[in-house]
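Asker: My structure is in run38.cif, and what it holds is mmCIF, C-alpha atoms and all ligand atoms:
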data_final
#
loop_
_atom_site.label_atom_id
_atom_site.label_comp_id
_atom_site.auth_asym_id
_atom_site.auth_seq_id
_atom_site.Cartn_x
_atom_site.Cartn_y
_atom_site.Cartn_z
CA MET A 249 31.52 0.63 0.99
CA PRO A 250 29.96 3.91 2.03
CA ASP A 251 31.89 7.12 2.38
CA GLU A 252 33.25 7.63 5.88
CA THR A 253 33.86 11.32 6.08
CA THR A 254 31.74 14.27 5.20
CA THR A 255 32.42 17.78 4.09
CA VAL A 256 28.76 18.73 4.42
CA PRO A 257 28.31 21.55 6.92
CA MET A 258 26.38 20.53 10.03
CA PRO A 259 23.28 22.51 11.00
CA VAL A 260 23.42 25.08 13.76
CA PHE A 261 20.93 24.45 16.56
CA PRO A 262 19.62 27.03 19.02
CA GLU A 263 20.68 27.15 22.64
CA VAL A 264 17.73 26.05 24.74
CA GLU A 265 16.88 26.24 28.40
CA MET A 266 16.35 22.99 30.24
CA ASN A 267 15.03 21.83 33.61
CA ILE A 268 13.68 25.22 34.61
CA VAL A 269 11.15 23.32 36.71
CA THR A 270 12.52 20.13 38.27
CA PRO A 271 10.61 17.04 39.47
CA LYS A 272 11.45 18.01 43.07
CA ALA A 273 9.24 21.08 42.77
CA PRO A 274 6.75 20.70 39.88
CA VAL A 275 4.43 23.57 39.02
CA THR A 276 0.68 23.38 38.54
CA GLY A 277 -0.86 23.56 35.08
CA THR A 278 -4.53 23.29 34.12
CA VAL A 279 -6.00 21.13 31.38
CA VAL A 280 -7.76 23.34 28.86
CA LYS A 281 -8.53 20.79 26.13
CA SER A 282 -8.62 17.01 25.71
CA GLU A 283 -9.79 15.38 22.52
CA VAL A 284 -9.30 12.15 20.61
CA CYS A 285 -6.75 12.73 17.86
CA LEU A 286 -7.05 9.41 16.03
CA LYS A 287 -8.53 9.47 12.55
CA GLY A 288 -11.27 7.27 13.96
CA GLY A 289 -13.41 4.29 13.01
CA ARG A 290 -11.17 2.33 15.36
CA LYS A 291 -9.83 -1.08 14.37
CA SER A 292 -7.02 -1.59 16.86
CA ALA A 293 -7.33 -1.12 20.61
CA SER A 294 -5.54 2.20 20.49
CA PHE A 295 -6.63 5.27 22.45
CA VAL A 296 -4.69 8.46 21.79
CA ARG A 297 -5.64 11.97 22.84
CA HIS A 298 -4.46 15.49 22.22
CA VAL A 299 -4.22 17.24 25.58
CA GLU A 300 -3.55 20.93 26.12
CA ILE A 301 -2.25 22.31 29.41
CA ASP A 302 -2.23 25.94 30.47
CA ILE A 303 1.13 26.77 32.09
CA SER A 304 0.64 30.54 32.22
CA GLY A 305 2.13 32.28 35.23
CA THR A 306 4.61 29.44 35.81
CA PRO A 307 8.34 29.64 35.00
CA LEU A 308 7.62 27.31 32.05
CA GLU A 309 5.58 29.92 30.20
CA GLY A 310 7.25 30.71 26.86
CA LYS A 311 10.16 28.35 27.58
CA CYS A 312 9.10 25.14 25.80
CA ARG A 313 10.59 24.87 22.33
CA ALA A 314 9.34 22.74 19.44
CA GLY A 315 11.03 19.33 19.68
CA GLN A 316 11.53 19.46 23.44
CA SER A 317 9.61 17.44 26.04
CA PHE A 318 7.99 18.34 29.32
CA GLY A 319 7.35 16.24 32.40
CA ILE A 320 4.16 15.20 34.14
CA VAL A 321 4.03 13.80 37.66
CA ALA A 322 1.01 11.56 38.28
CA PRO A 323 -0.50 11.81 41.76
CA GLY A 324 -0.26 8.91 44.20
CA GLU A 325 2.40 6.31 44.84
CA ASP A 326 3.96 3.36 43.03
CA ASP A 327 3.72 -0.23 44.30
CA ARG A 328 6.69 0.39 46.60
CA GLY A 329 4.96 3.30 48.29
CA LYS A 330 7.13 5.96 46.60
CA PRO A 331 5.69 8.98 44.79
CA HIS A 332 5.43 8.34 41.04
CA LYS A 333 8.45 9.39 39.02
CA VAL A 334 8.12 12.12 36.42
CA ARG A 335 7.26 10.89 32.90
CA LEU A 336 8.36 12.82 29.82
CA TYR A 337 6.02 13.73 26.96
CA SER A 338 7.00 15.27 23.63
CA LEU A 339 5.53 18.67 22.99
CA ALA A 340 3.01 18.64 20.16
CA SER A 341 2.77 22.44 20.29
CA PRO A 342 5.12 24.94 18.65
CA THR A 343 7.38 27.27 20.66
CA TRP A 344 4.59 29.86 20.85
CA GLY A 345 2.20 27.30 22.26
CA GLU A 346 -1.35 26.45 21.19
CA ASP A 347 -2.41 29.97 22.14
CA GLY A 348 0.28 31.89 20.24
CA GLU A 349 1.90 33.22 23.40
CA GLY A 350 3.62 30.20 24.94
CA LYS A 351 1.01 29.86 27.67
CA VAL A 352 -0.56 26.57 26.54
CA VAL A 353 1.47 23.44 25.73
CA SER A 354 0.15 20.20 24.29
CA THR A 355 1.08 16.56 24.02
CA THR A 356 -0.21 13.26 22.65
CA PRO A 357 -0.66 10.61 25.35
CA LYS A 358 -1.57 7.05 24.41
CA ARG A 359 -3.28 4.77 26.89
CA VAL A 360 -1.20 1.79 27.95
CA ILE A 361 -3.36 -1.27 28.39
CA ASP A 362 -1.82 -4.69 28.99
CA GLU A 363 -1.84 -7.77 31.21
CA TYR A 364 0.51 -8.07 34.14
CA THR A 365 3.51 -10.24 33.35
CA PRO A 366 6.19 -11.18 35.88
CA GLN A 367 9.06 -8.68 35.56
CA LYS A 368 11.48 -9.72 38.26
CA GLU A 369 12.25 -12.47 40.72
CA GLY A 370 9.61 -12.67 43.42
CA ASP A 371 6.78 -11.49 41.12
CA ASP A 372 3.77 -13.81 41.13
CA PRO A 373 4.17 -15.96 37.97
CA GLU A 374 0.40 -16.54 37.77
CA ARG A 375 -0.57 -12.87 37.84
CA HIS A 376 -2.13 -11.74 34.57
CA ASP A 377 -4.86 -9.28 35.51
CA LEU A 378 -5.35 -5.97 33.69
CA PHE A 379 -2.45 -3.54 33.83
CA LEU A 380 -2.99 0.14 33.11
CA GLY A 381 0.08 2.29 32.50
CA VAL A 382 0.27 4.91 35.22
CA CYS A 383 0.87 8.29 33.71
CA SER A 384 -0.55 8.16 30.18
CA ASN A 385 -3.89 6.82 31.42
CA TYR A 386 -3.93 9.48 34.10
CA ILE A 387 -3.40 12.19 31.48
CA CYS A 388 -6.00 10.68 29.14
CA ASP A 389 -8.51 10.61 32.01
CA LEU A 390 -7.99 14.28 32.94
CA ARG A 391 -10.85 16.64 32.19
CA VAL A 392 -10.86 20.28 31.23
CA GLY A 393 -10.29 22.28 34.43
CA ASP A 394 -8.27 19.57 36.18
CA GLU A 395 -4.91 20.55 37.62
CA VAL A 396 -1.75 18.67 36.72
CA GLN A 397 1.85 18.78 38.00
CA VAL A 398 4.34 19.69 35.28
CA THR A 399 8.14 20.00 34.95
CA GLY A 400 10.64 20.72 32.22
CA PRO A 401 11.50 21.48 29.58
CA SER A 402 13.96 18.75 28.57
CA GLY A 403 15.96 17.87 25.48
CA LYS A 404 18.54 19.82 23.50
CA ARG A 405 19.27 17.44 20.63
CA PHE A 406 15.89 17.05 18.90
CA LEU A 407 15.38 20.59 17.69
CA LEU A 408 14.91 22.52 14.48
CA PRO A 409 18.02 24.34 13.29
CA VAL A 410 18.33 28.08 13.78
CA ASP A 411 17.98 28.86 10.08
CA HIS A 412 14.85 26.97 9.03
CA ASN A 413 15.13 27.72 5.33
CA LYS A 414 18.68 26.45 4.99
CA HIS A 415 17.58 22.83 5.20
CA ASP A 416 15.07 20.32 3.86
CA TYR A 417 13.40 17.97 6.31
CA ILE A 418 12.36 14.34 6.46
CA PHE A 419 10.36 13.57 9.59
CA MET A 420 9.77 9.86 10.23
CA ALA A 421 7.36 8.77 12.94
CA THR A 422 5.60 5.71 14.22
CA GLY A 423 2.46 6.17 16.33
CA THR A 424 2.66 8.93 18.94
CA GLY A 425 6.18 9.67 17.69
CA ILE A 426 4.32 12.11 15.43
CA ALA A 427 3.89 14.61 18.32
CA PRO A 428 7.18 16.50 17.85
CA PHE A 429 6.56 16.69 14.11
CA ARG A 430 3.19 18.35 14.57
CA SER A 431 5.10 20.80 16.74
CA MET A 432 7.88 21.29 14.17
CA CYS A 433 5.53 21.54 11.18
CA LYS A 434 3.56 24.25 12.99
CA GLU A 435 6.86 25.98 13.71
CA LEU A 436 7.90 25.76 10.05
CA PHE A 437 4.63 26.62 8.35
CA GLU A 438 2.77 28.81 10.85
CA HIS A 439 5.77 30.94 11.83
CA PRO A 440 5.04 34.65 12.39
CA ASP A 441 7.72 35.43 9.75
CA GLY A 442 5.82 33.36 7.17
CA PRO A 443 5.91 29.72 6.07
CA THR A 444 9.19 27.99 5.33
CA THR A 445 10.42 27.70 1.75
CA SER A 446 12.09 24.35 2.52
CA GLN A 447 10.88 20.96 1.37
CA VAL A 448 9.28 19.13 4.30
CA HIS A 449 8.26 15.47 4.25
CA VAL A 450 6.37 13.69 7.03
CA VAL A 451 6.42 9.88 6.91
CA MET A 452 3.93 8.47 9.38
CA GLY A 453 3.72 4.77 10.27
CA VAL A 454 0.63 3.20 11.87
CA PRO A 455 -0.99 -0.26 11.96
CA TYR A 456 -4.31 0.82 10.38
CA THR A 457 -5.43 3.95 8.55
CA THR A 458 -7.77 4.61 11.47
CA ASP A 459 -4.72 4.97 13.75
CA LEU A 460 -3.36 8.00 11.89
CA LEU A 461 -2.85 10.90 14.30
CA TYR A 462 -3.44 14.57 13.50
CA ASP A 463 -4.33 13.38 10.01
CA GLU A 464 -6.58 16.34 9.25
CA PHE A 465 -3.81 18.76 10.19
CA PHE A 466 -1.27 17.12 7.88
CA VAL A 467 -3.73 16.69 5.00
CA ALA A 468 -4.67 20.37 5.25
CA LEU A 469 -1.00 21.40 5.37
CA ALA A 470 -0.28 19.39 2.21
CA GLU A 471 -3.24 21.03 0.45
CA LYS A 472 -2.07 24.49 1.41
CA HIS A 473 1.69 24.23 0.84
CA ASP A 474 3.34 22.71 -2.25
CA ASN A 475 6.55 22.21 -0.29
CA PHE A 476 4.87 20.05 2.38
CA HIS A 477 4.44 16.34 1.65
CA TYR A 478 2.56 13.79 3.77
CA HIS A 479 3.32 10.08 3.33
CA THR A 480 1.58 7.33 5.27
CA ALA A 481 2.94 3.82 5.82
CA VAL A 482 0.14 1.57 7.00
CA SER A 483 1.55 -1.73 8.19
CA ARG A 484 -1.52 -3.96 8.47
CA GLU A 485 -3.52 -3.03 5.40
CA ARG A 486 -2.97 -3.89 1.76
CA GLN A 487 -1.82 -1.02 -0.45
CA GLU A 488 -3.93 0.26 -3.33
CA ASP A 489 -1.93 -1.85 -5.79
CA GLY A 490 -2.64 -4.98 -3.71
CA SER A 491 0.85 -5.19 -2.21
CA ARG A 492 1.33 -5.82 1.51
CA GLY A 493 1.41 -3.20 4.23
CA LEU A 494 4.67 -1.43 4.90
CA TYR A 495 6.80 0.27 7.53
CA VAL A 496 8.10 3.82 7.36
CA GLY A 497 11.62 2.64 6.46
CA GLN A 498 10.29 0.59 3.56
CA LEU A 499 8.35 3.58 2.27
CA VAL A 500 11.50 5.71 2.33
CA GLU A 501 13.34 2.95 0.47
CA GLN A 502 10.57 2.60 -2.15
CA LYS A 503 10.55 6.32 -2.87
CA PHE A 504 14.28 6.82 -2.43
CA GLU A 505 15.33 7.58 -6.01
CA GLU A 506 12.40 9.81 -6.74
CA VAL A 507 11.76 11.65 -3.46
CA PHE A 508 14.08 11.13 -0.52
CA GLY A 509 17.45 10.41 -2.16
CA PRO A 510 17.81 13.85 -3.79
CA ILE A 511 17.13 15.59 -0.45
CA LEU A 512 19.38 13.32 1.58
CA SER A 513 22.25 13.53 -0.91
CA SER A 514 22.15 17.33 -0.98
CA ASP A 515 23.79 19.65 1.53
CA ARG A 516 20.36 20.60 2.84
CA GLY A 517 19.01 17.25 4.02
CA LEU A 518 18.12 16.60 7.65
CA MET A 519 16.33 13.52 8.92
CA TYR A 520 14.46 13.19 12.21
CA MET A 521 13.06 9.92 13.57
CA CYS A 522 10.71 9.51 16.50
CA GLY A 523 8.96 6.34 17.60
CA LEU A 524 9.71 2.65 17.91
CA VAL A 525 13.34 1.72 18.47
CA GLY A 526 13.39 -0.64 15.46
CA MET A 527 12.75 2.10 12.90
CA GLN A 528 16.34 3.37 12.90
CA PHE A 529 18.02 0.14 11.81
CA GLY A 530 16.57 -0.16 8.32
CA ILE A 531 17.50 3.47 7.71
CA TYR A 532 21.13 2.93 8.74
CA GLN A 533 21.40 0.05 6.28
CA LEU A 534 19.66 2.01 3.55
CA PHE A 535 22.03 4.95 3.99
CA ALA A 536 25.02 2.61 3.83
CA GLU A 537 23.69 0.94 0.65
CA LYS A 538 23.15 4.31 -0.97
CA GLY A 539 26.59 5.59 0.06
CA ILE A 540 25.36 8.60 2.02
CA THR A 541 26.57 7.39 5.40
CA GLY A 542 29.19 10.01 6.23
CA ALA A 543 26.85 12.96 6.47
CA TYR A 544 24.40 11.16 8.73
CA MET A 545 26.30 8.70 10.88
CA THR A 546 29.72 7.85 12.22
CA LEU A 547 30.75 4.22 12.03
CA LYS A 548 33.09 2.89 14.70
CA ASP A 549 35.90 0.50 13.70
CA ASP A 550 34.07 -2.66 14.75
CA ILE A 551 31.39 -2.18 12.09
CA LYS A 552 33.40 -0.52 9.31
CA ASP A 553 34.63 -3.73 7.74
CA VAL A 554 31.34 -5.61 7.99
CA PRO A 555 29.21 -5.39 4.79
CA CYS A 556 26.04 -3.47 5.61
CA SER A 557 23.85 -6.38 4.48
CA GLU A 558 25.29 -8.31 7.45
CA TRP A 559 24.77 -5.63 10.10
CA ASP A 560 22.55 -6.79 12.91
CA ARG A 561 20.71 -4.60 15.40
CA GLU A 562 23.22 -5.08 18.20
CA LEU A 563 26.13 -4.12 15.95
CA MET A 564 24.29 -1.03 14.71
CA ARG A 565 23.20 -0.05 18.20
CA ARG A 566 26.74 -0.23 19.53
CA TYR A 567 28.83 1.06 16.67
CA ILE A 568 26.77 3.64 14.81
CA LYS A 569 26.48 7.18 16.09
CA PRO A 570 24.16 9.54 14.22
CA THR A 571 25.61 12.94 13.28
CA HIS A 572 23.81 16.25 13.75
CA ARG A 573 21.96 15.69 10.48
CA LEU A 574 20.18 12.61 11.83
CA MET A 575 18.12 13.19 14.95
CA VAL A 576 16.90 10.00 16.57
CA GLU A 577 14.44 9.80 19.44
CA VAL A 578 13.26 6.22 19.87
CA TYR A 579 11.82 4.21 22.73
P1 LIG B 601 3.09 -3.48 13.25
O1 LIG B 601 2.60 -3.27 14.65
O2 LIG B 601 1.99 -3.73 12.27
O3 LIG B 601 4.18 -4.48 13.14
P2 LIG B 601 1.61 2.19 17.09
O4 LIG B 601 2.60 2.93 17.93
O5 LIG B 601 0.34 2.94 16.89
O6 LIG B 601 1.41 0.78 17.55
O7 LIG B 601 2.23 2.10 15.62
C1 LIG B 601 3.52 1.67 15.39
C2 LIG B 601 3.67 1.36 13.91
O8 LIG B 601 5.05 1.10 13.62
C3 LIG B 601 2.92 0.09 13.52
O9 LIG B 601 2.43 0.26 12.21
C4 LIG B 601 4.00 -0.97 13.58
O10 LIG B 601 3.73 -2.08 12.75
C5 LIG B 601 5.16 -0.19 13.02
N1 LIG B 601 6.47 -0.79 13.30
C6 LIG B 601 6.78 -1.85 14.07
N2 LIG B 601 8.11 -2.12 14.03
C7 LIG B 601 8.65 -1.22 13.19
C8 LIG B 601 9.98 -0.97 12.70
N3 LIG B 601 11.02 -1.72 13.06
N4 LIG B 601 10.17 0.04 11.82
C9 LIG B 601 9.13 0.80 11.44
N5 LIG B 601 7.86 0.64 11.85
C10 LIG B 601 7.61 -0.36 12.72
#
Show this structure as structure tokens.

Answerer:
Amino acid sequence: MPDETTTVPMPVFPEVEMNIVTPKAPVTGTVVKSEVCLKGGRKSASFVRHVEIDISGTPLEGKCRAGQSFGIVAPGEDDRGKPHKVRLYSLASPTWGEDGEGKVVSTTPKRVIDEYTPQKEGDDPERHDLFLGVCSNYICDLRVGDEVQVTGPSGKRFLLPVDHNKHDYIFMATGTGIAPFRSMCKELFEHPDGPTTSQVHVVMGVPYTTDLLYDEFFVALAEKHDNFHYHTAVSRERQEDGSRGLYVGQLVEQKFEEVFGPILSSDRGLMYMCGLVGMQFGIYQLFAEKGITGAYMTLKDDIKDVPCSEWDRELMRRYIKPTHRLMVEVY
């Protein structure tokens, strides 16, 4: 059974400001850039953009830290006649913004395209016309020069530690979950004090190679810095050796002994996950199998005596709490 306690020191995170601008009184930003950030040659019906918003002169200027989110309020009303609620988007920009001065933030909206399905009692069971997600489509539609209502920042748990060089990093993402890792990698490697000396691994999971996001940025980073490593887990394409596609968790497992294990077993290892809710479960089981549980997660009594091979999602969801060395942001 895995170890249950840890003597590994936990990282120290910075104090951050939150909710400087609330949804009750959003401020106005202006779109200054919008471009497709998929690798391209599209195979799946995925539309993802990189959108930059100028927040200069608002109380948000200089206040949005790498790893935090900001809010966007779409204009108009929902189907009950109420103003749309604020939606949160991960920052893809570093603390100093896209402009170097904290005046321009960015994010990575993905269009939501689906068919209507009945959600609650009273909904028309026959309705199946096209459904377009409200806020992400709105943001993807915005043009340079358009104004947009913004709030934030939010989040105090998904941050880089104060002392960047004291840790090594494994960033796991699926799809647009890559946004905060673009932000953090910029923070780590483009810092005014010079690039980090830490080992940094990005593990990016997508259905097809053409769905990779910010691929050029990560490829260039890997070419420039020996301590940056970019791994892609493509789920719906065969691998070079003819084996089937794989998920991010499987990639970490495959390269555990050689690449990830030594980092995770050391005092320096930190893991961050952002993306689909399912991605955390394989990792919890892997950590338990490898006996590195204590540093990364606390097991409550109800799960302690169950062999990890028998853990199901519900059990893990209820009885595992990540420590401050495992940052999980899933949806
Ligand atoms: P798949 O859809 O082939 O099952 P996107 O957000 O662009 O749709 O990409 C999400 C990626 O994460 C896809 O490659 C998807 O695979 C994959 N995925 C789905 N479920 C999991 C999971 N439990 N753990 C890790 N990756 C997952």

Asker: For Gly348 (chain A), which residue out of A:Lys434, A:Lys548, A:Arg565, A:His572 is the nearest one, using all atoms listed in the file?

Answerer: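 Residue with the minimum atom-to-atom distance to Gly348 (chain A): A:Lys434.
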
Asker: Give the answer as one residue: which of A:Ser491, A:Ser402, A:Gln502, A:Thr445 has the shortest atom-to-atom distance to Phe476 (chain A), using all atoms listed in the file?

Answerer: A:Thr445

Asker: From the set A:Pro331, A:Pro428, A:Gly370, A:Gly523, which residue has the shortest atom-to-atom contact distance to ligand LIG 601 (chain B), counting only C-alpha atoms and all ligand atoms?

Answerer: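 Closest candidate: A:Gly523.
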
Asker: Hey, can you check how far CA of Phe465 (chain A) sits from CA of Thr444 (chain A)?

Answerer: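 CA of Thr444 (chain A) lies 16.7 Å from CA of Phe465 (chain A).
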
Asker: In Å, rounded to a single decimal, give me how far CA of Met420 (chain A) is from CA of Val576 (chain A).

Answerer: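 Distance between the two atoms: 9.5 Å.
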
Asker: Show me which residues are within 9 Å of ligand LIG 601 (chain B) counting only C-alpha atoms and all ligand atoms, and format the list as a VMD selection string.

Answerer: chain A and resid 292 294 296 358 421 to 425 452 to 456 459 to 461 481 to 485 493 to 498 523 to 530

Asker: Could you pull the residues within 10 Å of Val264 (chain A), counting only C-alpha atoms, minus those fewer than 5 positions along the same chain, as a VMD selection string?

Answerer: chain A and resid 311 to 313 316 401 to 405 407

Asker: What is the distance between CA of Gly442 (chain A) and CA of His477 (chain A), in Å to one decimal?

Answerer: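 CA of His477 (chain A) lies at a distance of 17.9 Å from CA of Gly442 (chain A).
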
Asker: Show me the residues close to (3.2, -13.1, 32.2) - anything with an atom within 10 Å, counting only C-alpha atoms - and format the list as an MDAnalysis selection string.

Answerer: chainID A and resid 363:367 371:377

Asker: My list of candidates is A:Asn475, A:Thr480, A:Gln533, A:Thr541. Which is closest to Val451 (chain A) when distances are computed with all atoms listed in the file?

Answerer: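 Residue with the minimum atom-to-atom distance to Val451 (chain A): A:Thr480.
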
Asker: Of the candidates A:Tyr386, A:Asp362, A:Pro257, A:Gln397, which one gets nearest to Thr276 (chain A) if we count all atoms listed in the file?

Answerer: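 Closest residue, counting all atoms listed in the file: A:Gln397.
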